[in-house]
file coords-v1.txt (compact mmCIF, C-alpha atoms)
# COMPACT_ATOMS: atom_id res chain seq x y z
CA MET K 701 45.19 -21.36 5.13
CA SER K 702 43.92 -18.25 3.33
CA ILE K 703 45.03 -16.97 -0.02
CA ARG K 704 45.91 -13.29 -0.12
CA LEU K 705 44.97 -11.59 -3.38
CA PRO K 706 47.40 -9.22 -5.09
CA LYS K 707 46.89 -5.57 -4.16
CA SER K 708 45.49 -4.69 -7.61
CA LEU K 709 42.84 -7.43 -7.37
CA GLN K 710 41.94 -6.36 -3.85
CA ILE K 711 41.29 -2.84 -5.10
CA ALA K 712 39.32 -4.14 -8.09
CA SER K 713 37.23 -6.35 -5.81
CA ALA K 714 36.57 -3.48 -3.41
CA TYR K 715 35.30 -1.24 -6.20
CA ASN K 716 33.36 -3.85 -8.22
CA TRP K 717 30.00 -2.17 -7.61
CA HIS K 718 31.43 1.17 -8.66
CA ALA K 719 32.73 -0.38 -11.89
CA LEU K 720 29.41 -2.08 -12.56
CA ALA K 721 27.60 1.23 -12.03
CA VAL K 722 29.80 2.87 -14.66
CA LEU K 723 29.20 0.03 -17.13
CA VAL K 724 25.44 0.15 -16.61
CA PHE K 725 25.46 3.93 -17.02
CA VAL K 726 27.37 3.71 -20.31
CA PHE K 727 25.12 0.90 -21.56
CA GLY K 728 22.04 2.98 -20.79
CA LYS K 729 23.26 5.79 -23.02
CA ASN K 730 22.53 3.65 -26.10
CA ALA K 731 18.73 3.47 -26.37
CA GLN K 732 18.80 0.79 -29.06
CA TRP K 733 21.03 -1.49 -26.97
CA VAL K 734 18.66 -1.07 -24.06
CA GLN K 735 15.64 -1.83 -26.24
CA ASP K 736 17.13 -4.89 -27.96
CA LEU K 737 19.24 -6.43 -25.21
CA TYR K 738 17.56 -5.36 -21.99
CA THR K 739 13.83 -4.66 -22.53
CA GLU K 740 13.13 -7.19 -25.28
CA ARG K 741 15.32 -9.95 -23.85
CA PHE K 742 16.41 -9.73 -20.23
CA PHE K 743 13.49 -7.75 -18.76
CA LYS K 744 10.83 -9.41 -20.91
CA TRP K 745 11.74 -12.99 -20.06
CA VAL K 746 12.61 -12.40 -16.41
CA THR K 747 9.25 -10.69 -15.81
CA TYR K 748 7.41 -13.42 -17.72
CA GLY K 749 8.90 -15.90 -15.28
CA LEU K 750 8.12 -13.77 -12.23
CA ARG K 751 4.53 -13.20 -13.30
CA GLY K 752 4.14 -16.88 -14.12
CA VAL K 753 5.18 -17.87 -10.60
CA ILE K 754 4.07 -14.99 -8.37
CA GLY K 755 0.85 -14.49 -10.33
CA HIS K 756 -0.47 -17.69 -8.73
CA ILE K 757 -0.05 -16.26 -5.24
CA PRO K 758 -3.52 -14.92 -4.32
CA PHE K 759 -2.28 -11.78 -2.56
CA ALA K 760 0.24 -9.02 -3.27
CA ILE K 761 3.69 -9.67 -1.88
CA GLY K 762 5.19 -6.50 -3.32
CA GLU K 763 4.22 -4.25 -0.42
CA TRP K 764 5.66 -6.72 2.08
CA LEU K 765 8.91 -6.86 0.09
CA TYR K 766 9.28 -3.09 0.32
CA ILE K 767 8.57 -3.13 4.06
CA ILE K 768 11.12 -5.91 4.63
CA LEU K 769 13.75 -4.13 2.52
CA PHE K 770 13.13 -0.88 4.38
CA ILE K 771 13.60 -2.62 7.75
CA ILE K 772 16.79 -4.30 6.52
CA LEU K 773 18.12 -0.97 5.25
CA ILE K 774 17.43 0.83 8.53
CA TYR K 775 18.93 -2.04 10.53
CA ASN K 776 22.11 -2.06 8.48
CA ILE K 777 22.50 1.72 8.74
CA LEU K 778 22.12 1.64 12.52
CA HIS K 779 24.31 -1.45 12.83
CA TYR K 780 27.07 0.21 10.83
CA LEU K 781 26.88 3.44 12.83
CA PHE K 782 27.22 1.60 16.14
CA LYS K 783 29.90 -0.70 14.82
CA ILE K 784 32.34 1.97 13.64
CA LYS K 785 35.64 1.40 15.43
CA ILE K 786 38.22 3.08 13.31
CA LYS K 787 40.82 5.75 13.78
CA GLU K 788 39.47 9.24 13.63
CA GLY K 789 41.78 10.22 10.81
CA SER K 790 40.46 7.60 8.42
CA MET K 791 36.84 7.69 9.52
CA MET K 792 35.53 10.05 6.85
CA GLY K 793 37.28 8.19 4.04
CA LYS K 794 35.83 4.84 5.10
CA ILE K 795 32.36 6.28 5.59
CA LEU K 796 32.50 7.92 2.17
CA TYR K 797 33.60 4.64 0.58
CA LYS K 798 30.75 2.76 2.28
CA ILE K 799 28.17 5.32 1.16
CA THR K 800 29.32 5.39 -2.46
CA ARG K 801 29.48 1.58 -2.56
CA VAL K 802 25.89 1.26 -1.28
CA LEU K 803 24.68 3.91 -3.72
CA ALA K 804 26.48 2.16 -6.61
CA MET K 805 24.93 -1.16 -5.61
CA LEU K 806 21.43 0.32 -5.36
CA TYR K 807 21.88 2.05 -8.71
CA VAL K 808 22.96 -1.16 -10.48
CA LEU K 809 20.20 -3.26 -8.94
CA PHE K 810 17.51 -0.67 -9.72
CA GLN K 811 18.65 -0.30 -13.31
CA MET K 812 18.78 -4.06 -13.85
CA ILE K 813 15.37 -4.86 -12.42
CA TRP K 814 13.52 -1.88 -13.91
CA GLY K 815 15.30 1.45 -14.40
CA LEU K 816 16.90 0.79 -17.79
CA ASN K 817 13.42 0.78 -19.31
CA TYR K 818 13.47 4.57 -18.94
CA GLN K 819 16.40 4.63 -21.39
CA LYS K 820 14.95 2.49 -24.21
CA THR K 821 13.81 3.73 -27.60
CA SER K 822 10.49 5.50 -27.81
CA PRO K 823 7.51 3.22 -28.60
CA ALA K 824 6.36 5.88 -31.06
CA GLN K 825 8.03 3.89 -33.83
CA ASP K 826 6.11 0.76 -32.81
CA PHE K 827 2.81 2.65 -32.99
CA GLY K 828 3.90 4.39 -36.20
CA LEU K 829 3.55 7.86 -34.72
CA ASN K 830 5.33 11.17 -35.04
CA VAL K 831 4.83 12.62 -31.57
CA PRO K 832 5.04 16.45 -31.36
CA LEU K 833 7.20 18.11 -28.75
CA SER K 834 4.64 20.65 -27.54
CA TYR K 835 0.99 21.59 -27.72
CA THR K 836 -0.92 24.86 -27.94
CA GLU K 837 -3.83 26.21 -25.95
CA SER K 838 -6.00 25.90 -29.06
CA GLN K 839 -5.14 22.21 -29.41
CA MET K 840 -5.99 21.57 -25.76
CA ASP K 841 -9.25 23.44 -26.22
CA SER K 842 -10.16 21.17 -29.13
CA LEU K 843 -9.19 18.08 -27.15
CA SER K 844 -11.25 19.19 -24.16
CA LEU K 845 -14.32 19.72 -26.33
CA PHE K 846 -13.79 16.33 -27.99
CA TYR K 847 -13.52 14.55 -24.65
CA ILE K 848 -16.62 16.35 -23.36
CA SER K 849 -18.62 15.01 -26.31
CA GLN K 850 -17.22 11.50 -25.77
CA LEU K 851 -17.92 11.57 -22.03
CA ASN K 852 -21.51 12.65 -22.58
CA ALA K 853 -22.09 10.03 -25.26
CA VAL K 854 -20.56 7.13 -23.33
CA ARG K 855 -22.30 8.11 -20.07
CA THR K 856 -25.71 7.70 -21.73
CA GLN K 857 -24.84 4.02 -22.22
CA ILE K 858 -24.21 3.48 -18.50
CA VAL K 859 -26.99 2.90 -16.01
CA ASP K 860 -26.30 4.20 -12.51
CA THR K 861 -27.04 0.83 -10.94
CA GLN K 862 -24.31 -0.71 -13.14
CA ILE K 863 -21.74 1.58 -11.53
CA ASP K 864 -22.89 0.54 -8.07
CA GLN K 865 -22.46 -3.12 -9.05
CA LEU K 866 -18.97 -2.72 -10.50
CA ALA K 867 -16.26 -4.63 -8.65
CA LEU K 868 -12.49 -4.31 -8.86
CA ASP K 869 -12.06 -8.06 -9.38
CA LEU K 870 -14.31 -7.89 -12.44
CA LEU K 871 -12.40 -4.94 -13.89
CA ILE K 872 -9.10 -6.78 -13.38
CA GLU K 873 -10.41 -9.77 -15.35
CA GLN K 874 -11.80 -7.49 -18.05
CA SER K 875 -8.44 -5.70 -18.26
CA LYS K 876 -6.78 -8.99 -19.16
CA ASP K 877 -9.32 -9.48 -21.94
CA ALA K 878 -8.74 -5.89 -23.08
CA TYR K 879 -5.02 -6.55 -23.52
CA LEU K 880 -5.75 -9.73 -25.48
CA LEU K 881 -7.78 -7.59 -27.86
CA GLY K 882 -5.10 -4.89 -27.92
CA ALA K 883 -2.42 -7.44 -28.85
CA LYS K 884 -4.35 -8.33 -32.00
CA ALA K 885 -3.91 -4.76 -33.26
CA PHE K 886 -0.47 -4.25 -31.70
CA PRO K 887 1.37 -7.58 -31.19
CA PHE K 888 4.07 -5.85 -29.10
CA LEU K 889 1.39 -5.34 -26.41
CA THR K 890 1.06 -9.08 -25.86
CA TYR K 891 0.59 -9.57 -22.13
CA LEU K 892 1.31 -13.05 -20.79
CA HIS K 893 0.90 -14.42 -17.25
CA PRO K 894 -1.33 -11.77 -15.64
CA ASN K 895 -0.15 -10.61 -12.23
CA ILE K 896 -2.49 -7.90 -10.95
CA LYS K 897 -3.10 -7.69 -7.21
CA LYS K 898 -5.05 -5.56 -4.78
CA ALA K 899 -3.01 -3.50 -2.33
CA TYR K 900 -2.92 -4.83 1.22
CA PHE K 901 -2.13 -1.38 2.67
CA PRO K 902 -4.14 1.08 0.55
CA SER K 903 -3.91 3.77 3.25
CA LEU K 904 -0.18 4.03 2.51
CA GLY K 905 -1.21 5.48 -0.84
CA ASP K 906 -2.79 8.44 0.95
CA LYS K 907 0.45 9.11 2.80
CA ILE K 908 2.91 8.55 -0.05
CA GLY K 909 0.63 9.66 -2.88
CA TYR K 910 0.04 6.71 -5.22
CA LEU K 911 -3.09 5.22 -6.79
CA ALA K 912 -1.34 2.05 -7.88
CA PHE K 913 2.22 0.98 -8.56
CA TYR K 914 4.34 -1.53 -10.42
CA GLN K 915 6.52 -3.65 -8.12
CA PRO K 916 9.56 -4.70 -10.22
CA LEU K 917 10.84 -7.20 -7.65
CA SER K 918 7.68 -9.30 -7.98
CA SER K 919 6.44 -7.97 -11.34
CA GLU K 920 3.09 -7.21 -9.74
CA ALA K 921 0.71 -4.46 -10.75
CA ILE K 922 -0.65 -3.45 -7.33
CA ILE K 923 -3.93 -1.53 -7.33
CA ARG K 924 -5.55 0.29 -4.42
CA PRO K 925 -9.01 -1.25 -3.93
CA ASP K 926 -10.40 1.87 -2.24
CA LEU K 927 -10.18 4.15 -5.30
CA PRO K 928 -13.35 5.43 -7.00
CA ILE K 929 -14.45 2.55 -9.21
CA LEU K 930 -14.76 4.74 -12.32
CA THR K 931 -11.03 5.48 -12.22
CA GLN K 932 -9.97 1.87 -11.85
CA ALA K 933 -10.14 0.55 -15.43
CA PHE K 934 -7.70 3.16 -16.75
CA THR K 935 -5.44 2.77 -13.71
CA ILE K 936 -5.22 -1.01 -14.13
CA CYS K 937 -4.38 -0.74 -17.83
CA HIS K 938 -1.73 1.87 -17.01
CA GLU K 939 0.00 -0.43 -14.53
CA MET K 940 -0.19 -3.37 -16.91
CA ALA K 941 1.67 -1.23 -19.45
CA HIS K 942 4.45 -0.77 -16.88
CA GLN K 943 4.63 -4.56 -16.60
CA LEU K 944 5.41 -4.68 -20.32
CA GLY K 945 8.36 -2.33 -19.85
CA TYR K 946 6.73 1.04 -20.62
CA ALA K 947 8.44 2.93 -17.83
CA SER K 948 7.54 6.48 -18.84
CA GLU K 949 4.27 7.62 -17.29
CA ALA K 950 3.20 9.26 -20.55
CA GLU K 951 3.91 6.04 -22.49
CA ALA K 952 2.01 3.91 -19.97
CA ASN K 953 -0.89 6.36 -20.15
CA PHE K 954 -0.89 6.16 -23.94
CA VAL K 955 -0.90 2.35 -23.93
CA ALA K 956 -3.88 2.45 -21.54
CA TYR K 957 -5.52 5.01 -23.84
CA ARG K 958 -5.14 2.79 -26.91
CA ILE K 959 -6.32 -0.30 -25.03
CA ALA K 960 -9.49 1.57 -24.02
CA LEU K 961 -10.11 2.81 -27.56
CA LEU K 962 -9.92 -0.74 -28.90
CA ASN K 963 -12.32 -2.01 -26.25
CA ASP K 964 -16.10 -2.02 -26.56
CA ASN K 965 -16.46 -2.02 -22.78
CA VAL K 966 -18.10 1.31 -21.94
CA PHE K 967 -16.58 1.40 -18.47
CA PHE K 968 -13.07 1.25 -19.89
CA GLN K 969 -13.88 3.99 -22.39
CA TYR K 970 -15.56 6.15 -19.76
CA SER K 971 -12.71 5.70 -17.27
CA MET K 972 -10.23 6.70 -19.97
CA TYR K 973 -12.20 9.74 -21.14
CA LEU K 974 -12.62 10.96 -17.55
CA GLN K 975 -8.85 10.92 -17.12
CA MET K 976 -8.03 12.34 -20.54
CA PHE K 977 -10.48 15.22 -20.14
CA THR K 978 -8.87 16.07 -16.81
CA TYR K 979 -5.42 16.10 -18.44
CA ALA K 980 -6.59 18.22 -21.41
CA GLN K 981 -8.51 20.77 -19.35
CA GLU K 982 -5.69 21.14 -16.82
CA ALA K 983 -3.14 21.56 -19.62
CA GLN K 984 -5.27 24.23 -21.29
CA LEU K 985 -5.89 26.11 -18.05
CA MET K 986 -2.19 25.97 -17.23
CA LEU K 987 -1.32 27.56 -20.57
CA ILE K 988 -4.00 30.21 -20.06
CA ALA K 989 -2.65 30.97 -16.58
CA LYS K 990 0.84 31.43 -17.97
CA SER K 991 -0.54 33.98 -20.45
CA GLY K 992 -2.24 35.89 -17.62
CA ASN K 993 -5.63 35.91 -19.40
CA TYR K 994 -7.85 35.06 -16.41
CA ASN K 995 -11.03 36.14 -18.22
CA ARG K 996 -10.32 33.36 -20.71
CA TRP K 997 -9.80 30.96 -17.79
CA GLU K 998 -13.26 31.72 -16.38
CA VAL K 999 -14.91 31.45 -19.79
CA VAL K 1000 -13.38 28.03 -20.48
CA VAL K 1001 -14.27 26.63 -17.03
CA LYS K 1002 -17.88 27.85 -17.24
CA ARG K 1003 -18.26 26.63 -20.83
CA ASN K 1004 -16.92 23.16 -20.09
CA LYS K 1005 -19.15 22.82 -17.05
CA ALA K 1006 -22.18 23.88 -19.09
CA LEU K 1007 -21.36 21.35 -21.83
CA LEU K 1008 -20.79 18.37 -19.55
CA SER K 1009 -23.87 16.33 -18.76
CA PRO K 1010 -25.10 16.48 -15.14
CA LYS K 1011 -24.23 12.80 -14.63
CA VAL K 1012 -20.65 13.32 -15.82
CA ILE K 1013 -20.33 16.31 -13.51
CA ALA K 1014 -21.66 14.22 -10.61
CA ASP K 1015 -19.16 11.43 -11.36
CA ARG K 1016 -16.27 13.90 -11.47
CA GLN K 1017 -17.38 15.50 -8.21
CA LYS K 1018 -17.38 12.12 -6.45
CA ILE K 1019 -13.86 11.43 -7.67
CA LYS K 1020 -12.66 14.90 -6.60
CA ALA K 1021 -14.29 14.48 -3.19
CA PHE K 1022 -12.41 11.21 -2.64
CA PHE K 1023 -9.03 12.83 -3.20
CA LYS K 1024 -9.90 16.08 -1.42
CA ALA K 1025 -10.77 14.12 1.72
CA ARG K 1026 -7.26 12.63 1.69
CA GLN K 1027 -5.12 15.57 0.64
CA ASN K 1028 -4.03 16.38 4.21
CA LYS K 1029 -2.82 12.83 4.87
CA ARG K 1030 0.18 13.17 2.54
CA LEU K 1031 3.57 12.92 4.22
CA PRO K 1032 5.54 16.18 3.84
CA GLY K 1033 7.97 16.00 0.95
CA SER K 1034 6.62 12.74 -0.54
CA GLU K 1035 5.25 14.45 -3.65
CA LYS K 1036 8.50 16.37 -4.16
CA LEU K 1037 10.50 13.16 -3.73
CA TYR K 1038 8.43 11.36 -6.39
CA ASP K 1039 8.69 14.38 -8.66
CA GLN K 1040 12.48 14.26 -8.34
CA PHE K 1041 12.49 10.49 -8.93
CA LEU K 1042 10.73 10.99 -12.28
CA ILE K 1043 13.14 13.78 -13.23
CA TRP K 1044 16.13 11.53 -12.45
CA ASN K 1045 14.59 8.91 -14.76
CA GLN K 1046 14.39 10.86 -18.00
CA GLN K 1047 11.01 12.52 -17.29
CA SER K 1048 12.06 16.13 -17.17
CA LYS K 1049 8.63 17.48 -16.21
CA GLY K 1050 8.41 15.29 -13.14
CA ILE K 1051 4.84 14.63 -12.01
CA GLU K 1052 3.58 16.76 -14.89
CA SER K 1053 4.98 14.10 -17.24
CA TYR K 1054 1.68 12.22 -16.92
CA ASN K 1055 0.10 15.02 -18.99
CA ASP K 1056 2.55 14.38 -21.83
CA VAL K 1057 0.22 11.63 -23.02
CA LEU K 1058 -1.62 14.52 -24.69
CA LEU K 1059 1.31 14.87 -27.10
CA TRP K 1060 0.85 11.23 -28.08
CA VAL K 1061 -2.88 11.73 -28.53
CA LEU K 1062 -2.25 14.62 -30.91
CA ALA K 1063 -0.26 12.24 -33.12
CA ILE K 1064 -3.33 10.13 -33.97
CA PRO K 1065 -6.64 11.22 -35.59
CA LEU K 1066 -9.51 11.56 -33.14
CA LYS K 1067 -12.55 9.48 -33.97
CA ASN K 1068 -16.07 10.03 -32.70
call {"tool": "encode", "arguments": {"input": "coords-v1.txt", "output": "structure tokens"}}
result
Amino acid sequence: MSIRLPKSLQIASAYNWHALAVLVFVFGKNAQWVQDLYTERFFKWVTYGLRGVIGHIPFAIGEWLYIILFIILIYNILHYLFKIKIKEGSMMGKILYKITRVLAMLYVLFQMIWGLNYQKTSPAQDFGLNVPLSYTESQMDSLSLFYISQLNAVRTQIVDTQIDQLALDLLIEQSKDAYLLGAKAFPFLTYLHPNIKKAYFPSLGDKIGYLAFYQPLSSEAIIRPDLPILTQAFTICHEMAHQLGYASEAEANFVAYRIALLNDNVFFQYSMYLQMFTYAQEAQLMLIAKSGNYNRWEVVVKRNKALLSPKVIADRQKIKAFFKARQNKRLPGSEKLYDQFLIWNQQSKGIESYNDVLLWVLAIPLKN
């Protein structure tokens, strides 16, 4: 014997995911609610638990989870298409309902496991910073020159054979120590239950366009082991920041920046300065290009190259060669899709949002 629900409850049950999507959307509009109730409570403790359990698994399961979910999604789409046996007049309505229900479900699940972190309050108040909204070409010029001096100074402390002996496993362990040190200065950066894994399918990164990624379903920071070793320290610290709920790419970059500054490990400092110089120089050249002053462009490029030490130039060339050799492997549209994903998640500049870490850097005094 089955119990038939009243018509109103049947409708409510049918549209429960739609209603949840609306509630989550409204909740996300209050940044303080998200910070206090979601990031600091729900997300924090759920990810602590996930890292505590999955962190003991010696390999990354995050990539496999995505592959399995993709297969399930494709199967269900095909199964539904072949299963449709409805009257032609009501077909479009039922298909539309199914699509919106799936989209609502995906939206709710994504927001609950990770996406709401994009809506939380800015960590600028935690760091005690007043972050500017824009930067000038002159400011980027000063930053570039500062990073050139830092790169040259730190590179003199590194012996070439040390670079050859660097291993990703060692940098992962040192990253954990770096966060322990960072938490002493900034307690809100306390990182418990490390869960950093090497990617099982690094070649997918060439096709999709990632260096590393945070897997919210397993709370793993998954790092490509094939990347140039001098980029790895900054990349690892960036992904660890995502594990703490810093969803914005600029915020994660800034956390990695501060962790490196607090660390005496020259490889962490050098990795950070290599990335920050790239950001600063690209930002300056972009502003110059917009002004149409191409003579200035050539002067800046030649000057910077003349100021950088030969060893720094050689290191940068190796990194550029790695990515240049893979630039034709990218799947068409993958970069645009990721750019749109960032825009949908409160990062209006898309992929260029990574460079916004420069705004955060301008908010603190630079120290030689």
call {"tool": "closest_residue", "arguments": {"input": "coords-v1.txt", "among": "K:Thr931, K:Leu961, K:Asn1055, K:Pro1010", "to": "Phe1023 of chain K", "atoms": "all atoms listed in the file"}}
result
K:Thr931
call {"tool": "atom_distance", "arguments": {"input": "coords-v1.txt", "atom1": "atom CA of His718 of chain K", "atom2": "atom CA of Ala731 of chain K"}}
result
21.9 Å
call {"tool": "closest_residue", "arguments": {"input": "coords-v1.txt", "among": "K:Leu750, K:Ile767, K:Ala1021, K:Leu962", "to": "Leu881 of chain K", "atoms": "all atoms listed in the file"}}
result
K:Leu962
call {"tool": "atom_distance", "arguments": {"input": "coords-v1.txt", "atom1": "atom CA of Val746 of chain K", "atom2": "atom CA of Leu911 of chain K"}}
result
25.5 Å
call {"tool": "residues_around", "arguments": {"input": "coords-v1.txt", "residues": "Gly755 of chain K", "least_positions_apart": "3", "cutoff": "12 Å", "atoms": "all atoms listed in the file", "output": "PDB file with C-alpha atoms, keeping the file's coordinate frame"}}
result
ATOM      1  CA  THR K 747       9.250 -10.690 -15.810  1.00  0.00           C
ATOM      2  CA  TYR K 748       7.410 -13.420 -17.720  1.00  0.00           C
ATOM      3  CA  GLY K 749       8.900 -15.900 -15.280  1.00  0.00           C
ATOM      4  CA  LEU K 750       8.120 -13.770 -12.230  1.00  0.00           C
ATOM      5  CA  ARG K 751       4.530 -13.200 -13.300  1.00  0.00           C
ATOM      6  CA  GLY K 752       4.140 -16.880 -14.120  1.00  0.00           C
ATOM      7  CA  PRO K 758      -3.520 -14.920  -4.320  1.00  0.00           C
ATOM      8  CA  PHE K 759      -2.280 -11.780  -2.560  1.00  0.00           C
ATOM      9  CA  ALA K 760       0.240  -9.020  -3.270  1.00  0.00           C
ATOM     10  CA  ILE K 761       3.690  -9.670  -1.880  1.00  0.00           C
ATOM     11  CA  GLY K 762       5.190  -6.500  -3.320  1.00  0.00           C
ATOM     12  CA  LEU K 892       1.310 -13.050 -20.790  1.00  0.00           C
ATOM     13  CA  HIS K 893       0.900 -14.420 -17.250  1.00  0.00           C
ATOM     14  CA  PRO K 894      -1.330 -11.770 -15.640  1.00  0.00           C
ATOM     15  CA  ASN K 895      -0.150 -10.610 -12.230  1.00  0.00           C
ATOM     16  CA  ILE K 896      -2.490  -7.900 -10.950  1.00  0.00           C
ATOM     17  CA  LYS K 897      -3.100  -7.690  -7.210  1.00  0.00           C
ATOM     18  CA  SER K 918       7.680  -9.300  -7.980  1.00  0.00           C
ATOM     19  CA  SER K 919       6.440  -7.970 -11.340  1.00  0.00           C
ATOM     20  CA  GLU K 920       3.090  -7.210  -9.740  1.00  0.00           C
ATOM     21  CA  ALA K 921       0.710  -4.460 -10.750  1.00  0.00           C
ATOM     22  CA  ILE K 922      -0.650  -3.450  -7.330  1.00  0.00           C
TER      23      ILE K 922
END
call {"tool": "closest_residue", "arguments": {"input": "coords-v1.txt", "among": "K:Gln732, K:Ser844, K:Gln932, K:Thr800", "to": "Ala719 of chain K", "atoms": "only C-alpha atoms"}}
result
K:Thr800
call {"tool": "residues_around", "arguments": {"input": "coords-v1.txt", "residues": "segment 941-957 of chain K", "least_positions_apart": "4", "cutoff": "9 Å", "atoms": "all atoms listed in the file", "output": "PyMOL selection string"}}
result
chain K and resi 739-740+743-744+747+814-819+822-824+888-891+895+913-916+919-921+933-937+961-962+969+972-973+976+1042+1045-1047+1051+1053-1061
call {"tool": "atom_distance", "arguments": {"input": "coords-v1.txt", "atom1": "atom CA of Val734 of chain K", "atom2": "atom CA of Phe810 of chain K"}}
result
14.4 Å
call {"tool": "residues_around", "arguments": {"input": "coords-v1.txt", "residues": "segment 985-987 of chain K", "least_positions_apart": "6", "cutoff": "9 Å", "atoms": "all atoms listed in the file", "output": "number ranges by chain"}}
result
K: 836-837, 840, 996-997, 1000-1001
call {"tool": "closest_residue", "arguments": {"input": "coords-v1.txt", "among": "K:Asp841, K:Glu939, K:Glu763, K:Asp826", "to": "Gln735 of chain K", "atoms": "all atoms listed in the file"}}
result
K:Asp826
call {"tool": "residues_around", "arguments": {"input": "coords-v1.txt", "residues": "Tyr970 of chain K", "least_positions_apart": "5", "cutoff": "10 Å", "atoms": "only C-alpha atoms", "output": "ChimeraX atom specification"}}
result
/K:847,850-855,857-858,930-931,933-934,960,965,975-976,1012
call {"tool": "write_last_selection", "arguments": {"input": "coords-v1.txt", "atoms": "C-alpha atoms", "output": "mmCIF file, in the frame of the given file"}}
result
data_model
loop_
_atom_site.group_PDB
_atom_site.id
_atom_site.type_symbol
_atom_site.label_atom_id
_atom_site.label_comp_id
_atom_site.auth_asym_id
_atom_site.auth_seq_id
_atom_site.Cartn_x
_atom_site.Cartn_y
_atom_site.Cartn_z
ATOM 1 C CA TYR K 847 -13.520 14.550 -24.650
ATOM 2 C CA GLN K 850 -17.220 11.500 -25.770
ATOM 3 C CA LEU K 851 -17.920 11.570 -22.030
ATOM 4 C CA ASN K 852 -21.510 12.650 -22.580
ATOM 5 C CA ALA K 853 -22.090 10.030 -25.260
ATOM 6 C CA VAL K 854 -20.560 7.130 -23.330
ATOM 7 C CA ARG K 855 -22.300 8.110 -20.070
ATOM 8 C CA GLN K 857 -24.840 4.020 -22.220
ATOM 9 C CA ILE K 858 -24.210 3.480 -18.500
ATOM 10 C CA LEU K 930 -14.760 4.740 -12.320
ATOM 11 C CA THR K 931 -11.030 5.480 -12.220
ATOM 12 C CA ALA K 933 -10.140 0.550 -15.430
ATOM 13 C CA PHE K 934 -7.700 3.160 -16.750
ATOM 14 C CA ALA K 960 -9.490 1.570 -24.020
ATOM 15 C CA ASN K 965 -16.460 -2.020 -22.780
ATOM 16 C CA GLN K 975 -8.850 10.920 -17.120
ATOM 17 C CA MET K 976 -8.030 12.340 -20.540
ATOM 18 C CA VAL K 1012 -20.650 13.320 -15.820
#
call {"tool": "closest_residue", "arguments": {"input": "coords-v1.txt", "among": "K:Tyr715, K:Asp736, K:Thr821, K:Ile754", "to": "Tyr797 of chain K", "atoms": "only C-alpha atoms"}}
result
K:Tyr715
call {"tool": "residues_near_point", "arguments": {"input": "coords-v1.txt", "point": "(22.3, 3.4, -1.8)", "cutoff": "12 Å", "atoms": "all atoms listed in the file", "output": "PyMOL selection string"}}
result
chain K and resi 717-718+721+770+773-774+776-777+796-810
call {"tool": "closest_residue", "arguments": {"input": "coords-v1.txt", "among": "K:Ile1019, K:Ala980, K:Ala1025, K:Leu917", "to": "Ile813 of chain K", "atoms": "only C-alpha atoms"}}
result
K:Leu917
call {"tool": "residues_around", "arguments": {"input": "coords-v1.txt", "residues": "Asn1028 of chain K", "least_positions_apart": "4", "cutoff": "10 Å", "atoms": "only C-alpha atoms", "output": "number ranges by chain"}}
result
K: 906-907, 1023-1024, 1032
